[in-house]
$ cat input.cif   # mmCIF, C-alpha atoms
data_input
loop_
_atom_site.group_PDB
_atom_site.id
_atom_site.type_symbol
_atom_site.label_atom_id
_atom_site.label_comp_id
_atom_site.auth_asym_id
_atom_site.auth_seq_id
_atom_site.Cartn_x
_atom_site.Cartn_y
_atom_site.Cartn_z
ATOM 1 C CA MET K 1 -5.830 -12.319 -25.054
ATOM 2 C CA THR K 2 -5.666 -8.586 -25.683
ATOM 3 C CA TYR K 3 -9.133 -8.051 -24.220
ATOM 4 C CA ILE K 4 -8.177 -9.941 -21.062
ATOM 5 C CA LEU K 5 -5.190 -7.639 -20.609
ATOM 6 C CA TYR K 6 -7.409 -4.592 -21.181
ATOM 7 C CA ILE K 7 -9.938 -5.762 -18.567
ATOM 8 C CA ALA K 8 -7.214 -6.553 -16.019
ATOM 9 C CA MET K 9 -5.512 -3.205 -16.593
ATOM 10 C CA SER K 10 -8.754 -1.264 -16.173
ATOM 11 C CA PHE K 11 -9.411 -3.118 -12.884
ATOM 12 C CA LEU K 12 -5.940 -2.129 -11.685
ATOM 13 C CA ILE K 13 -6.523 1.522 -12.666
ATOM 14 C CA LEU K 14 -9.818 1.559 -10.743
ATOM 15 C CA GLY K 15 -8.059 0.045 -7.734
ATOM 16 C CA LEU K 16 -5.353 2.718 -7.835
ATOM 17 C CA ILE K 17 -7.947 5.527 -7.974
ATOM 18 C CA ILE K 18 -10.059 4.075 -5.133
ATOM 19 C CA SER K 19 -7.033 3.567 -2.881
ATOM 20 C CA ALA K 20 -5.971 7.160 -3.548
ATOM 21 C CA ILE K 21 -9.457 8.353 -2.541
ATOM 22 C CA ARG K 22 -9.161 6.472 0.763
ATOM 23 C CA PHE K 23 -5.686 7.934 1.207
ATOM 24 C CA VAL K 24 -7.022 11.473 0.950
ATOM 25 C CA LYS K 25 -10.186 10.796 3.006
ATOM 26 C CA GLY K 26 -8.768 8.626 5.786
ATOM 27 C CA PRO K 27 -9.365 10.131 9.219
ATOM 28 C CA THR K 28 -6.413 8.603 11.074
ATOM 29 C CA ALA K 29 -2.828 7.732 10.252
ATOM 30 C CA GLY K 30 -3.658 4.007 10.182
ATOM 31 C CA ASP K 31 -6.100 4.409 7.296
ATOM 32 C CA ARG K 32 -3.517 6.222 5.220
ATOM 33 C CA THR K 33 -0.928 3.557 5.940
ATOM 34 C CA VAL K 34 -3.399 0.835 4.895
ATOM 35 C CA ALA K 35 -3.947 2.752 1.651
ATOM 36 C CA LEU K 36 -0.167 2.899 1.095
ATOM 37 C CA ASP K 37 0.105 -0.869 1.675
ATOM 38 C CA THR K 38 -2.697 -1.582 -0.785
ATOM 39 C CA LEU K 39 -1.124 0.756 -3.347
ATOM 40 C CA THR K 40 2.185 -1.107 -2.990
ATOM 41 C CA THR K 41 0.567 -4.516 -3.576
ATOM 42 C CA ILE K 42 -1.405 -3.259 -6.581
ATOM 43 C CA GLY K 43 1.812 -1.695 -7.877
ATOM 44 C CA VAL K 44 3.707 -5.015 -7.674
ATOM 45 C CA ALA K 45 0.949 -6.819 -9.583
ATOM 46 C CA GLY K 46 0.791 -4.032 -12.159
ATOM 47 C CA LEU K 47 4.567 -4.128 -12.676
ATOM 48 C CA VAL K 48 4.460 -7.873 -13.427
ATOM 49 C CA LEU K 49 1.527 -7.392 -15.819
ATOM 50 C CA LEU K 50 3.339 -4.537 -17.593
ATOM 51 C CA ALA K 51 6.442 -6.732 -17.894
ATOM 52 C CA TYR K 52 4.308 -9.296 -19.750
ATOM 53 C CA VAL K 53 2.899 -6.545 -21.971
ATOM 54 C CA PHE K 54 6.365 -5.228 -22.857
ATOM 55 C CA GLY K 55 7.691 -8.761 -23.295
ATOM 56 C CA ARG K 56 10.981 -8.272 -21.428
ATOM 57 C CA PHE K 57 12.123 -10.842 -18.877
ATOM 58 C CA ILE K 58 14.481 -8.460 -17.077
ATOM 59 C CA TYR K 59 11.633 -6.077 -16.158
ATOM 60 C CA VAL K 60 10.315 -8.537 -13.561
ATOM 61 C CA ASP K 61 13.291 -7.641 -11.336
ATOM 62 C CA VAL K 62 11.738 -4.275 -10.483
ATOM 63 C CA ALA K 63 8.646 -6.031 -9.164
ATOM 64 C CA LEU K 64 10.881 -8.408 -7.201
ATOM 65 C CA VAL K 65 12.663 -5.479 -5.516
ATOM 66 C CA TYR K 66 9.302 -3.902 -4.682
ATOM 67 C CA ALA K 67 8.004 -7.139 -3.195
ATOM 68 C CA VAL K 68 11.138 -7.449 -1.038
ATOM 69 C CA LEU K 69 11.440 -3.829 0.111
ATOM 70 C CA GLY K 70 7.880 -2.529 -0.026
ATOM 71 C CA PHE K 71 6.881 -3.524 3.481
ATOM 72 C CA ILE K 72 9.784 -1.841 5.302
ATOM 73 C CA GLY K 73 8.202 1.598 5.101
ATOM 74 C CA VAL K 74 4.891 0.322 6.504
ATOM 75 C CA ILE K 75 6.674 -1.446 9.368
ATOM 76 C CA VAL K 76 8.660 1.680 10.270
ATOM 77 C CA ILE K 77 5.503 3.819 10.286
ATOM 78 C CA ALA K 78 3.706 1.213 12.405
ATOM 79 C CA ARG K 79 6.547 1.077 14.927
ATOM 80 C CA TYR K 80 6.500 4.874 15.146
ATOM 81 C CA LEU K 81 2.727 4.864 15.777
ATOM 82 C CA GLU K 82 3.231 2.217 18.434
ATOM 83 C CA GLY K 83 5.791 4.426 20.131
ATOM 84 C CA ALA K 84 8.509 1.786 20.180
ATOM 85 C CA LEU K 85 10.892 3.060 17.519
ATOM 86 C CA MET I 1 -5.179 3.362 -25.499
ATOM 87 C CA ILE I 2 -5.505 1.761 -22.069
ATOM 88 C CA TYR I 3 -1.806 2.380 -21.408
ATOM 89 C CA LEU I 4 -2.263 6.057 -22.232
ATOM 90 C CA ILE I 5 -5.107 6.178 -19.682
ATOM 91 C CA LEU I 6 -2.878 4.404 -17.132
ATOM 92 C CA PHE I 7 -0.087 6.912 -17.780
ATOM 93 C CA ALA I 8 -2.448 9.877 -17.337
ATOM 94 C CA VAL I 9 -3.893 8.406 -14.120
ATOM 95 C CA LEU I 10 -0.395 7.844 -12.724
ATOM 96 C CA LEU I 11 0.685 11.403 -13.552
ATOM 97 C CA LEU I 12 -2.448 12.889 -11.948
ATOM 98 C CA LEU I 13 -1.973 10.651 -8.891
ATOM 99 C CA MET I 14 1.631 11.791 -8.452
ATOM 100 C CA LEU I 15 0.621 15.441 -8.838
ATOM 101 C CA ALA I 16 -2.190 15.068 -6.294
ATOM 102 C CA ALA I 17 0.082 13.328 -3.789
ATOM 103 C CA ALA I 18 2.754 16.016 -4.197
ATOM 104 C CA VAL I 19 0.246 18.838 -3.620
ATOM 105 C CA TYR I 20 -1.153 16.965 -0.608
ATOM 106 C CA ALA I 21 2.329 16.496 0.868
ATOM 107 C CA THR I 22 3.119 20.173 0.389
ATOM 108 C CA PHE I 23 0.013 21.634 2.024
ATOM 109 C CA GLN I 24 -0.402 19.091 4.842
ATOM 110 C CA ARG I 25 0.300 20.427 8.352
ATOM 111 C CA ASP I 26 0.721 16.959 9.895
ATOM 112 C CA LEU I 27 4.204 15.841 8.923
ATOM 113 C CA LEU I 28 3.542 12.079 9.283
ATOM 114 C CA TYR I 29 0.838 12.266 6.606
ATOM 115 C CA ALA I 30 3.272 14.139 4.389
ATOM 116 C CA VAL I 31 5.828 11.335 4.811
ATOM 117 C CA ILE I 32 3.222 8.713 3.807
ATOM 118 C CA ALA I 33 2.369 10.855 0.771
ATOM 119 C CA THR I 34 6.077 10.867 -0.102
ATOM 120 C CA GLY I 35 5.933 7.063 -0.181
ATOM 121 C CA VAL I 36 3.022 7.233 -2.632
ATOM 122 C CA ILE I 37 4.968 9.687 -4.824
ATOM 123 C CA SER I 38 7.962 7.339 -4.880
ATOM 124 C CA LEU I 39 5.818 4.310 -5.831
ATOM 125 C CA VAL I 40 4.031 6.116 -8.663
ATOM 126 C CA LEU I 41 7.268 7.686 -9.931
ATOM 127 C CA SER I 42 8.867 4.247 -10.075
ATOM 128 C CA VAL I 43 5.980 2.913 -12.205
ATOM 129 C CA ILE I 44 6.291 5.967 -14.497
ATOM 130 C CA PHE I 45 10.026 5.359 -14.983
ATOM 131 C CA TYR I 46 9.171 1.736 -15.710
ATOM 132 C CA MET I 47 6.653 2.659 -18.387
ATOM 133 C CA LEU I 48 9.231 4.975 -19.973
ATOM 134 C CA GLN I 49 11.480 1.897 -20.601
ATOM 135 C CA ALA I 50 14.034 2.740 -17.885
ATOM 136 C CA PRO I 51 14.008 -0.222 -15.477
ATOM 137 C CA ASP I 52 17.369 0.593 -13.873
ATOM 138 C CA VAL I 53 16.179 4.033 -12.778
ATOM 139 C CA ALA I 54 12.954 2.452 -11.521
ATOM 140 C CA LEU I 55 14.998 -0.083 -9.535
ATOM 141 C CA THR I 56 17.025 2.668 -7.850
ATOM 142 C CA GLU I 57 13.928 4.728 -7.151
ATOM 143 C CA ALA I 58 12.212 1.710 -5.590
ATOM 144 C CA ALA I 59 15.160 0.865 -3.350
ATOM 145 C CA ILE I 60 15.846 4.425 -2.181
ATOM 146 C CA GLY I 61 12.425 6.008 -2.212
ATOM 147 C CA VAL I 62 10.470 3.321 -0.380
ATOM 148 C CA ALA I 63 12.892 2.170 2.283
ATOM 149 C CA LEU I 64 15.573 4.771 2.893
ATOM 150 C CA THR I 65 13.610 8.028 2.587
ATOM 151 C CA THR I 66 10.755 6.828 4.796
ATOM 152 C CA ILE I 67 13.092 5.566 7.523
ATOM 153 C CA ILE I 68 15.151 8.780 7.614
ATOM 154 C CA PHE I 69 12.070 11.022 7.693
ATOM 155 C CA ILE I 70 10.385 8.952 10.412
ATOM 156 C CA ILE I 71 13.516 9.107 12.581
ATOM 157 C CA THR I 72 13.603 12.865 12.024
ATOM 158 C CA ILE I 73 9.956 13.205 13.108
ATOM 159 C CA ARG I 74 10.663 11.012 16.133
ATOM 160 C CA ASN I 75 13.464 13.354 17.219
ATOM 161 C CA THR I 76 11.570 16.625 16.581
ATOM 162 C CA VAL I 77 7.800 17.266 16.572
ATOM 163 C CA ARG I 78 5.022 15.690 14.519
ATOM 164 C CA HIS I 79 2.701 18.639 13.890
ATOM 165 C CA GLU I 80 3.987 21.715 12.153
ATOM 166 C CA ASP I 81 1.876 24.042 14.311
ATOM 167 C CA GLU I 82 3.564 22.729 17.454
ATOM 168 C CA HIS I 83 6.890 23.653 15.927
ATOM 169 C CA ASP I 84 5.698 27.199 15.198
ATOM 170 C CA LYS I 85 4.349 27.638 18.718
ATOM 171 C CA HIS I 86 7.503 26.191 20.210
ATOM 172 C CA SER I 87 9.800 28.507 18.263
ATOM 173 C CA ARG I 88 7.633 31.535 19.044
ATOM 174 C CA GLU I 89 7.787 30.806 22.742
ATOM 175 C CA LYS I 90 11.515 30.359 22.482
ATOM 176 C CA LYS I 91 11.855 33.678 20.702
ATOM 177 C CA ILE I 92 9.929 35.517 23.406
ATOM 178 C CA GLN I 93 12.095 34.111 26.140
ATOM 179 C CA PRO I 94 15.457 35.835 26.352
ATOM 180 C CA MET U 1 0.197 -24.414 -25.588
ATOM 181 C CA GLU U 2 -3.442 -23.401 -25.758
ATOM 182 C CA ILE U 3 -4.403 -24.793 -22.357
ATOM 183 C CA LEU U 4 -1.648 -22.795 -20.634
ATOM 184 C CA GLU U 5 -2.923 -19.574 -22.196
ATOM 185 C CA ILE U 6 -6.477 -20.308 -21.070
ATOM 186 C CA ILE U 7 -5.381 -21.061 -17.491
ATOM 187 C CA GLY U 8 -3.206 -17.931 -17.413
ATOM 188 C CA GLY U 9 -6.013 -15.715 -18.690
ATOM 189 C CA ILE U 10 -8.476 -17.023 -16.133
ATOM 190 C CA LEU U 11 -5.945 -16.542 -13.305
ATOM 191 C CA ILE U 12 -5.197 -12.975 -14.446
ATOM 192 C CA LEU U 13 -8.911 -12.118 -14.511
ATOM 193 C CA ILE U 14 -9.451 -13.573 -11.023
ATOM 194 C CA GLY U 15 -6.409 -11.742 -9.659
ATOM 195 C CA SER U 16 -7.326 -8.350 -11.068
ATOM 196 C CA ALA U 17 -10.921 -8.737 -9.836
ATOM 197 C CA PHE U 18 -9.658 -9.519 -6.321
ATOM 198 C CA LEU U 19 -7.299 -6.519 -6.404
ATOM 199 C CA PHE U 20 -10.222 -4.276 -7.361
ATOM 200 C CA LEU U 21 -12.428 -5.774 -4.635
ATOM 201 C CA GLY U 22 -9.715 -5.252 -2.032
ATOM 202 C CA ALA U 23 -9.381 -1.602 -3.027
ATOM 203 C CA LEU U 24 -13.179 -1.252 -2.899
ATOM 204 C CA GLY U 25 -13.125 -2.815 0.561
ATOM 205 C CA ILE U 26 -10.804 -0.199 2.006
ATOM 206 C CA LEU U 27 -13.148 2.492 0.700
ATOM 207 C CA ARG U 28 -16.368 0.946 2.009
ATOM 208 C CA MET U 29 -15.407 -0.510 5.386
ATOM 209 C CA PRO U 30 -16.092 1.548 8.537
ATOM 210 C CA ASP U 31 -13.046 0.813 10.657
ATOM 211 C CA VAL U 32 -9.262 0.522 10.613
ATOM 212 C CA TYR U 33 -9.322 -3.215 11.320
ATOM 213 C CA ASN U 34 -11.935 -3.963 8.667
ATOM 214 C CA ARG U 35 -9.994 -1.898 6.165
ATOM 215 C CA LEU U 36 -6.856 -3.801 7.081
ATOM 216 C CA GLN U 37 -8.670 -7.105 6.568
ATOM 217 C CA ALA U 38 -9.977 -6.131 3.147
ATOM 218 C CA GLY U 39 -6.906 -4.249 2.034
ATOM 219 C CA THR U 40 -4.356 -6.920 2.907
ATOM 220 C CA LYS U 41 -5.888 -10.373 2.532
ATOM 221 C CA ALA U 42 -7.835 -9.771 -0.669
ATOM 222 C CA THR U 43 -4.957 -7.996 -2.359
ATOM 223 C CA THR U 44 -2.553 -10.758 -1.293
ATOM 224 C CA LEU U 45 -4.717 -13.359 -3.045
ATOM 225 C CA GLY U 46 -5.156 -11.081 -6.053
ATOM 226 C CA ALA U 47 -1.449 -10.372 -6.486
ATOM 227 C CA MET U 48 -0.537 -14.054 -6.061
ATOM 228 C CA SER U 49 -3.105 -15.174 -8.620
ATOM 229 C CA LEU U 50 -2.124 -12.522 -11.163
ATOM 230 C CA ILE U 51 1.612 -13.215 -10.899
ATOM 231 C CA ILE U 52 1.111 -16.991 -11.196
ATOM 232 C CA GLY U 53 -1.133 -16.305 -14.197
ATOM 233 C CA VAL U 54 1.644 -14.351 -15.897
ATOM 234 C CA GLY U 55 3.941 -17.284 -15.110
ATOM 235 C CA PHE U 56 1.510 -19.609 -16.922
ATOM 236 C CA LEU U 57 1.401 -17.329 -19.947
ATOM 237 C CA GLU U 58 5.210 -17.300 -20.263
ATOM 238 C CA PRO U 59 6.405 -20.655 -18.902
ATOM 239 C CA SER U 60 10.063 -19.597 -18.761
ATOM 240 C CA TRP U 61 9.148 -16.849 -16.231
ATOM 241 C CA MET U 62 7.612 -19.312 -13.807
ATOM 242 C CA MET U 63 10.607 -19.510 -11.435
ATOM 243 C CA LYS U 64 10.820 -15.763 -10.843
ATOM 244 C CA SER U 65 7.021 -15.564 -10.479
ATOM 245 C CA ILE U 66 7.149 -18.157 -7.714
ATOM 246 C CA ILE U 67 9.923 -16.195 -5.971
ATOM 247 C CA ILE U 68 7.820 -12.993 -6.071
ATOM 248 C CA VAL U 69 4.794 -14.896 -4.731
ATOM 249 C CA VAL U 70 6.847 -16.290 -1.838
ATOM 250 C CA PHE U 71 8.108 -12.819 -0.927
ATOM 251 C CA ILE U 72 4.564 -11.403 -1.034
ATOM 252 C CA ALA U 73 3.376 -14.260 1.189
ATOM 253 C CA PHE U 74 6.107 -13.374 3.680
ATOM 254 C CA SER U 75 5.962 -9.594 3.673
ATOM 255 C CA ASN U 76 2.248 -8.751 3.456
ATOM 256 C CA PRO U 77 1.102 -10.456 6.713
ATOM 257 C CA ILE U 78 4.085 -8.971 8.565
ATOM 258 C CA SER U 79 3.132 -5.393 7.688
ATOM 259 C CA SER U 80 -0.565 -6.078 8.368
ATOM 260 C CA HIS U 81 0.168 -7.532 11.799
ATOM 261 C CA ALA U 82 2.495 -4.670 12.750
ATOM 262 C CA LEU U 83 -0.102 -2.086 11.754
ATOM 263 C CA ALA U 84 -2.961 -3.786 13.622
ATOM 264 C CA ARG U 85 -0.767 -4.080 16.726
ATOM 265 C CA ALA U 86 0.153 -0.400 16.546
ATOM 266 C CA MET U 87 -3.471 0.702 16.207
ATOM 267 C CA TYR U 88 -4.471 -1.522 19.130
ATOM 268 C CA LYS U 89 -1.706 -0.056 21.287
ATOM 269 C CA ARG U 90 -2.998 3.428 20.447
ATOM 270 C CA LYS U 91 -6.433 2.390 21.809
ATOM 271 C CA ARG U 92 -8.375 2.702 18.561
ATOM 272 C CA TYR U 93 -10.880 -0.069 19.260
ATOM 273 C CA PRO U 94 -13.259 -1.539 16.664
ATOM 274 C CA ILE U 95 -16.561 0.225 16.047
ATOM 275 C CA ILE U 96 -19.547 -1.869 17.214
ATOM 276 C CA LYS U 97 -22.699 -1.182 15.221
ATOM 277 C CA SER U 98 -25.085 -3.951 16.260
ATOM 278 C CA GLU U 99 -27.817 -3.340 18.831
ATOM 279 C CA ASP U 100 -27.088 -6.526 20.752
ATOM 280 C CA LYS U 101 -23.805 -5.712 22.443
ATOM 281 C CA ASP U 102 -23.600 -9.097 24.139
ATOM 282 C CA MET U 103 -23.194 -10.759 20.764
ATOM 283 C CA ASP U 104 -19.863 -9.048 20.222
ATOM 284 C CA ALA U 105 -16.869 -11.075 21.268
ATOM 285 C CA TYR U 106 -14.504 -8.188 21.832
ATOM 286 C CA ILE U 107 -16.450 -5.980 24.207
ATOM 287 C CA GLU U 108 -15.551 -7.868 27.390
ATOM 288 C CA VAL U 109 -11.864 -7.775 26.578
ATOM 289 C CA PHE U 110 -11.996 -4.061 25.876
ATOM 290 C CA GLN U 111 -13.947 -3.270 29.032
ATOM 291 C CA GLN U 112 -11.443 -5.251 31.081
ATOM 292 C CA GLU U 113 -8.535 -3.453 29.498
ATOM 293 C CA GLU U 114 -10.121 -0.043 30.028
ATOM 294 C CA GLU U 115 -10.659 -0.844 33.710
ATOM 295 C CA GLU U 116 -7.069 -1.979 33.983
ATOM 296 C CA VAL U 117 -5.911 1.258 32.384
ATOM 297 C CA LYS U 118 -8.082 3.351 34.721
ATOM 298 C CA SER U 119 -6.962 1.564 37.861
#

$ encode --input "input.cif" --output "structure tokens"
Amino acid sequence: MTYILYIAMSFLILGLIISAIRFVKGPTAGDRTVALDTLTTIGVAGLVLLAYVFGRFIYVDVALVYAVLGFIGVIVIARYLEGAL
Amino acid sequence: MIYLILFAVLLLLMLAAAVYATFQRDLLYAVIATGVISLVLSVIFYMLQAPDVALTEAAIGVALTTIIFIITIRNTVRHEDEHDKHSREKKIQP
Amino acid sequence: MEILEIIGGILILIGSAFLFLGALGILRMPDVYNRLQAGTKATTLGAMSLIIGVGFLEPSWMMKSIIIVVFIAFSNPISSHALARAMYKRKRYPIIKSEDKDMDAYIEVFQQEEEEVKS
């Protein structure tokens, strides 16, 4: 079980680094916003996995708040790019 | 060991995003970088066994800060150079 | 007890692999729309699978895991759709790389819209 958690965590770390590379490289504002969206989703999954590692039930609430509120920033940026805010 | 690597990667990511947001001339990119800083800082608070602080950081940093900064950019200018040029022209005019 | 742990481990491995592939997709793809496709759909499946896997490992967490999965299933397509709509309104059209332009389904629509904009 420990090795499975190690493999999953290293995949998540690689995903974080690759998304950050796209965030720095991205030519337009849309690419950077896509990178932010991907980082948010990976962050929610990582928070749930870390809650299992720490063994506390109450820590899942932070991931719940991120899943509820994480898309508001992306929607506001998209509406600004559209010119309709 | 893997959690130490995760902690180091998160710290380096937050530092890189903060430097990027400071030296970027396009203010919209700086606002997106602020969102990345808030996300990573929330995960760092979480790994330091402070879930209440992480909850507050998630609620304020992701939603509220981004909305306020985007409305500010909407009402002023997006590029910092435009602002400099604008103020210089205003200064020349009496 | 054992079978739940095995199912949870397999789901966690699948989910983390899909999250990594989605992040690799937004690095490798050539266009905003392709990056959106890889970076939203693959990571949605990955996050769902990983969270349900954690729910299998700790069966008393299953209810909250399902709530998180439902919120991800609501919020991720909304942000993806809003972003694609914004980039289309800003006239950033998809890059066409194939030699045979007639094969592409979008080119007629884009030519029509460009003519409408010019006229």

$ resolve_selection --input "input.cif" --expression "the PyMOL selection byres ((chain U and resi 46) around 12)" --output "NGL selection string"
(:K and (8 or 11-12 or 15 or 38 or 41-46)) or (:U and (11-23 or 38-45 or 47-53 or 69 or 72-73))

$ residues_around --input "input.cif" --residues "Gln49 of chain I" --least-positions-apart "2" --cutoff "12 Å" --atoms "only C-alpha atoms" --output "PyMOL selection string"
(chain K and resi 50-51+54-56+58-59+62) or (chain I and resi 42-47+51-55)

$ interface_residues --input "input.cif" --of "chain K" --to "chain I" --cutoff "9 Å" --atoms "only C-alpha atoms" --output "MDAnalysis selection string"
chainID K and resid 6 9:10 13 16:17 20 23:24 29 32:33 36 39:40 43 46:47 50 58:59 61:63 65:66 69:74 76:77 80 85

$ write_last_selection --input "input.cif" --atoms "C-alpha atoms" --output "PDB file, keeping the file's coordinate frame"
ATOM      1  CA  TYR K   6      -7.409  -4.592 -21.181  1.00  0.00           C
ATOM      2  CA  MET K   9      -5.512  -3.205 -16.593  1.00  0.00           C
ATOM      3  CA  SER K  10      -8.754  -1.264 -16.173  1.00  0.00           C
ATOM      4  CA  ILE K  13      -6.523   1.522 -12.666  1.00  0.00           C
ATOM      5  CA  LEU K  16      -5.353   2.718  -7.835  1.00  0.00           C
ATOM      6  CA  ILE K  17      -7.947   5.527  -7.974  1.00  0.00           C
ATOM      7  CA  ALA K  20      -5.971   7.160  -3.548  1.00  0.00           C
ATOM      8  CA  PHE K  23      -5.686   7.934   1.207  1.00  0.00           C
ATOM      9  CA  VAL K  24      -7.022  11.473   0.950  1.00  0.00           C
ATOM     10  CA  ALA K  29      -2.828   7.732  10.252  1.00  0.00           C
ATOM     11  CA  ARG K  32      -3.517   6.222   5.220  1.00  0.00           C
ATOM     12  CA  THR K  33      -0.928   3.557   5.940  1.00  0.00           C
ATOM     13  CA  LEU K  36      -0.167   2.899   1.095  1.00  0.00           C
ATOM     14  CA  LEU K  39      -1.124   0.756  -3.347  1.00  0.00           C
ATOM     15  CA  THR K  40       2.185  -1.107  -2.990  1.00  0.00           C
ATOM     16  CA  GLY K  43       1.812  -1.695  -7.877  1.00  0.00           C
ATOM     17  CA  GLY K  46       0.791  -4.032 -12.159  1.00  0.00           C
ATOM     18  CA  LEU K  47       4.567  -4.128 -12.676  1.00  0.00           C
ATOM     19  CA  LEU K  50       3.339  -4.537 -17.593  1.00  0.00           C
ATOM     20  CA  ILE K  58      14.481  -8.460 -17.077  1.00  0.00           C
ATOM     21  CA  TYR K  59      11.633  -6.077 -16.158  1.00  0.00           C
ATOM     22  CA  ASP K  61      13.291  -7.641 -11.336  1.00  0.00           C
ATOM     23  CA  VAL K  62      11.738  -4.275 -10.483  1.00  0.00           C
ATOM     24  CA  ALA K  63       8.646  -6.031  -9.164  1.00  0.00           C
ATOM     25  CA  VAL K  65      12.663  -5.479  -5.516  1.00  0.00           C
ATOM     26  CA  TYR K  66       9.302  -3.902  -4.682  1.00  0.00           C
ATOM     27  CA  LEU K  69      11.440  -3.829   0.111  1.00  0.00           C
ATOM     28  CA  GLY K  70       7.880  -2.529  -0.026  1.00  0.00           C
ATOM     29  CA  PHE K  71       6.881  -3.524   3.481  1.00  0.00           C
ATOM     30  CA  ILE K  72       9.784  -1.841   5.302  1.00  0.00           C
ATOM     31  CA  GLY K  73       8.202   1.598   5.101  1.00  0.00           C
ATOM     32  CA  VAL K  74       4.891   0.322   6.504  1.00  0.00           C
ATOM     33  CA  VAL K  76       8.660   1.680  10.270  1.00  0.00           C
ATOM     34  CA  ILE K  77       5.503   3.819  10.286  1.00  0.00           C
ATOM     35  CA  TYR K  80       6.500   4.874  15.146  1.00  0.00           C
ATOM     36  CA  LEU K  85      10.892   3.060  17.519  1.00  0.00           C
TER      37      LEU K  85
END

$ atom_distance --input "input.cif" --atom1 "atom CA of Arg90 of chain U" --atom2 "atom CA of His79 of chain I"
17.5 Å

$ atom_distance --input "input.cif" --atom1 "atom CA of Met1 of chain K" --atom2 "atom CA of Glu5 of chain U"
8.3 Å

$ resolve_selection --input "input.cif" --expression "the PyMOL selection byres ((chain U and resi 32) around 9)" --output "PyMOL selection string"
(chain K and resi 28+30-31+34) or (chain U and resi 26+29-31+33-37+84+87+92-94)

$ atom_distance --input "input.cif" --atom1 "atom CA of Ile4 of chain K" --atom2 "atom CA of Gly25 of chain U"
23.3 Å

$ residues_around --input "input.cif" --residues "segment 56-66 of chain U" --least-positions-apart "6" --cutoff "8 Å" --atoms "all atoms listed in the file" --output "NGL selection string"
(:K and (57 or 60)) or (:U and (4-5 or 7-9))

$ build_atoms --input "input.cif" --residues "segment 16-30 of chain U" --atoms "N, CA and C atoms" --output "PDB file, keeping the file's coordinate frame"
ATOM      1  N   SER U  16      -7.018  -9.784 -10.957  1.00  0.00           N
ATOM      2  CA  SER U  16      -7.326  -8.350 -11.068  1.00  0.00           C
ATOM      3  C   SER U  16      -8.666  -8.039 -10.414  1.00  0.00           C
ATOM      4  N   ALA U  17      -9.634  -8.976 -10.504  1.00  0.00           N
ATOM      5  CA  ALA U  17     -10.921  -8.737  -9.836  1.00  0.00           C
ATOM      6  C   ALA U  17     -10.742  -8.685  -8.326  1.00  0.00           C
ATOM      7  N   PHE U  18      -9.869  -9.554  -7.769  1.00  0.00           N
ATOM      8  CA  PHE U  18      -9.658  -9.519  -6.321  1.00  0.00           C
ATOM      9  C   PHE U  18      -8.912  -8.260  -5.899  1.00  0.00           C
ATOM     10  N   LEU U  19      -7.985  -7.779  -6.737  1.00  0.00           N
ATOM     11  CA  LEU U  19      -7.299  -6.519  -6.404  1.00  0.00           C
ATOM     12  C   LEU U  19      -8.293  -5.364  -6.374  1.00  0.00           C
ATOM     13  N   PHE U  20      -9.218  -5.345  -7.349  1.00  0.00           N
ATOM     14  CA  PHE U  20     -10.222  -4.276  -7.361  1.00  0.00           C
ATOM     15  C   PHE U  20     -11.133  -4.383  -6.152  1.00  0.00           C
ATOM     16  N   LEU U  21     -11.526  -5.633  -5.790  1.00  0.00           N
ATOM     17  CA  LEU U  21     -12.428  -5.774  -4.635  1.00  0.00           C
ATOM     18  C   LEU U  21     -11.731  -5.379  -3.340  1.00  0.00           C
ATOM     19  N   GLY U  22     -10.436  -5.682  -3.224  1.00  0.00           N
ATOM     20  CA  GLY U  22      -9.715  -5.252  -2.032  1.00  0.00           C
ATOM     21  C   GLY U  22      -9.641  -3.745  -1.924  1.00  0.00           C
ATOM     22  N   ALA U  23      -9.404  -3.069  -3.047  1.00  0.00           N
ATOM     23  CA  ALA U  23      -9.381  -1.602  -3.027  1.00  0.00           C
ATOM     24  C   ALA U  23     -10.764  -1.045  -2.720  1.00  0.00           C
ATOM     25  N   LEU U  24     -11.814  -1.705  -3.217  1.00  0.00           N
ATOM     26  CA  LEU U  24     -13.179  -1.252  -2.899  1.00  0.00           C
ATOM     27  C   LEU U  24     -13.481  -1.464  -1.422  1.00  0.00           C
ATOM     28  N   GLY U  25     -12.908  -2.540  -0.851  1.00  0.00           N
ATOM     29  CA  GLY U  25     -13.125  -2.815   0.561  1.00  0.00           C
ATOM     30  C   GLY U  25     -12.552  -1.744   1.457  1.00  0.00           C
ATOM     31  N   ILE U  26     -11.347  -1.236   1.122  1.00  0.00           N
ATOM     32  CA  ILE U  26     -10.804  -0.199   2.006  1.00  0.00           C
ATOM     33  C   ILE U  26     -11.531   1.127   1.831  1.00  0.00           C
ATOM     34  N   LEU U  27     -12.328   1.272   0.782  1.00  0.00           N
ATOM     35  CA  LEU U  27     -13.148   2.492   0.700  1.00  0.00           C
ATOM     36  C   LEU U  27     -14.454   2.341   1.454  1.00  0.00           C
ATOM     37  N   ARG U  28     -15.022   1.116   1.485  1.00  0.00           N
ATOM     38  CA  ARG U  28     -16.368   0.946   2.009  1.00  0.00           C
ATOM     39  C   ARG U  28     -16.413   0.596   3.485  1.00  0.00           C
ATOM     40  N   MET U  29     -15.354  -0.009   4.019  1.00  0.00           N
ATOM     41  CA  MET U  29     -15.407  -0.510   5.386  1.00  0.00           C
ATOM     42  C   MET U  29     -15.350   0.627   6.409  1.00  0.00           C
ATOM     43  N   PRO U  30     -15.944   0.427   7.607  1.00  0.00           N
ATOM     44  CA  PRO U  30     -16.092   1.548   8.537  1.00  0.00           C
ATOM     45  C   PRO U  30     -14.941   1.752   9.510  1.00  0.00           C
TER      46      PRO U  30
END
